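Report on the following structure.
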Amino acid sequence: MNRAPSFSSRHFLPALFVVCVWGMSFAVTRVTVQEIPPFTLAFLRFALASLLIWPLARRHRHTRIDREDRGALFLLGFIGVTVYFGFENFGLKYTTATHGALIVATIPLTTEAVNAIRHRRRPRMAVIAGLLVALAGVGLLVGPDKGEATLLGDLLMFAAVTSWVGYTFLADRLTARYPNLLLTFRIMTVGTMTLLPGALFEILIQPLPRPSLAAWGGVLFLGASCSALAYHLWNQAIPALGVGLTNHLLYGIPLVGALTGVLALGEPLTPNILIGGTLIVGGVFMAIKKGGEQKEKAG
């Protein structure tokens, strides 16, 4: 019998820090993307993150990616970085950080539903119930009382959710075969390279941006804290705290994202956002928690 990971504040506090910075990233992106075009911002973010992770990934420099896995690795970098953050950055240019964080919170539930469809089985009742509850929340969120958010921005965020679900299924096989840090570094470098054409296109069609110091601070926060440092700390926390606890901590991301949007950016906390956000997070938690309990009993 495998020994369950023991609780350790040495890893719990860094994991909590990661949840906070990932939650704050929606507001930071929302502000920064107003000065730096979406693809350019994503390119700068992951170029910086790749440079910072490179020294850590060198410990696995003798591990080679098998030839048959290289195409999948390229797709992971393209879909998980270029496509996802392209949609997210464009989405946050046209919608609020609050909307963005709550829409992204539907990823676990969407993944559960798609997984059931892929295996041609009926979703568990908990997933169906959670999906209906979350959809009710989404309906309130994208309803007529949108404030500064736009339907275009919200739809782009849903496109980001779809791309991340696809990335999750693609990553399933490779994450079991290669060290996580090496895979993260390779995915980020592929994403950086495939973001470059979009960034160059943005420079060609509009004047080269002259970001403020605050915008460059946003790039530094997103690249160093949200991508490089956060991924490294999270990868250390998973084996120390266990998958169950770390996954439950992720529920804090949309809450931090919504609070940051309201408190830092002055975004309105309308009744639709309050009720809709509660329904989304509650629906996701209902489905995933029930699934976790069933898996533990089956084991």
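Every chain in the structure tokens has a letter given in the order shown (A, B, ...), and although residue numbers restart at 1 in each chain, ligands are simply numbered from 1 in the order shown.
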Write out, as a Markdown table, each residue of stretch 104-190 of chain A that has an atom at most 7 Å from stretch 72-80 of chain A, together with the closest pair of atoms and their distance in Å to one decimal, counting only C-alpha atoms, rows going by chain and rising number.
```
| residue | atom | partner | partner_atom | distance |
| --- | --- | --- | --- | --- |
| A:Ser163 | CA | A:Ile79 | CA | 6.3 |
| A:Trp164 | CA | A:Gly80 | CA | 6.1 |
| A:Tyr167 | CA | A:Gly80 | CA | 5.5 |
| A:Leu170 | CA | A:Leu76 | CA | 6.7 |
| A:Ala171 | CA | A:Leu76 | CA | 6.7 |
| A:Ile187 | CA | A:Gly77 | CA | 4.3 |
| A:Met188 | CA | A:Gly77 | CA | 6.2 |
| A:Val190 | CA | A:Gly77 | CA | 5.0 |
```
Using the selection just defined, write its residues with C-alpha atoms as a compact mmCIF listing (two decimals), in the first residue's frame.
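The new file out19.txt reads:
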```txt
# COMPACT_ATOMS: atom_id res chain seq x y z
CA SER A 163 -8.55 24.40 -26.24
CA TRP A 164 -7.36 23.59 -22.71
CA TYR A 167 -4.62 19.98 -24.34
CA LEU A 170 -3.25 15.23 -25.43
CA ALA A 171 -1.01 15.61 -22.38
CA ILE A 187 5.97 22.81 -24.10
CA MET A 188 6.81 26.41 -23.19
CA VAL A 190 7.39 25.22 -28.52
```
Item to check | Non-local contacts of A:His60 (8 Å; only C-alpha atoms; under 3 positions in same chain excluded) as a PyMOL selection string | outcome: chain A and resi 57+63+179+182
Include C-alpha atoms and write out the residues we just selected as a compact mmCIF listing (two decimals), in the first residue's frame.
```txt
# COMPACT_ATOMS: atom_id res chain seq x y z
CA ALA A 57 15.21 21.66 -16.80
CA THR A 63 16.38 12.53 -21.30
CA PRO A 179 9.76 14.25 -16.19
CA LEU A 182 11.31 18.73 -18.80
```
Checklist entry - In terms of the shortest atom-to-atom distance over only C-alpha atoms, which of A:Leu16, A:Val127, A:Val281, A:Ala49 is closest to A:Phe221? => result A:Ala49
Item to check | Given only C-alpha atoms as the counted atoms, nearest of A:Gly218, A:Gly198, A:Gly266, A:Gly277 to A:Tyr251 | outcome: A:Gly277
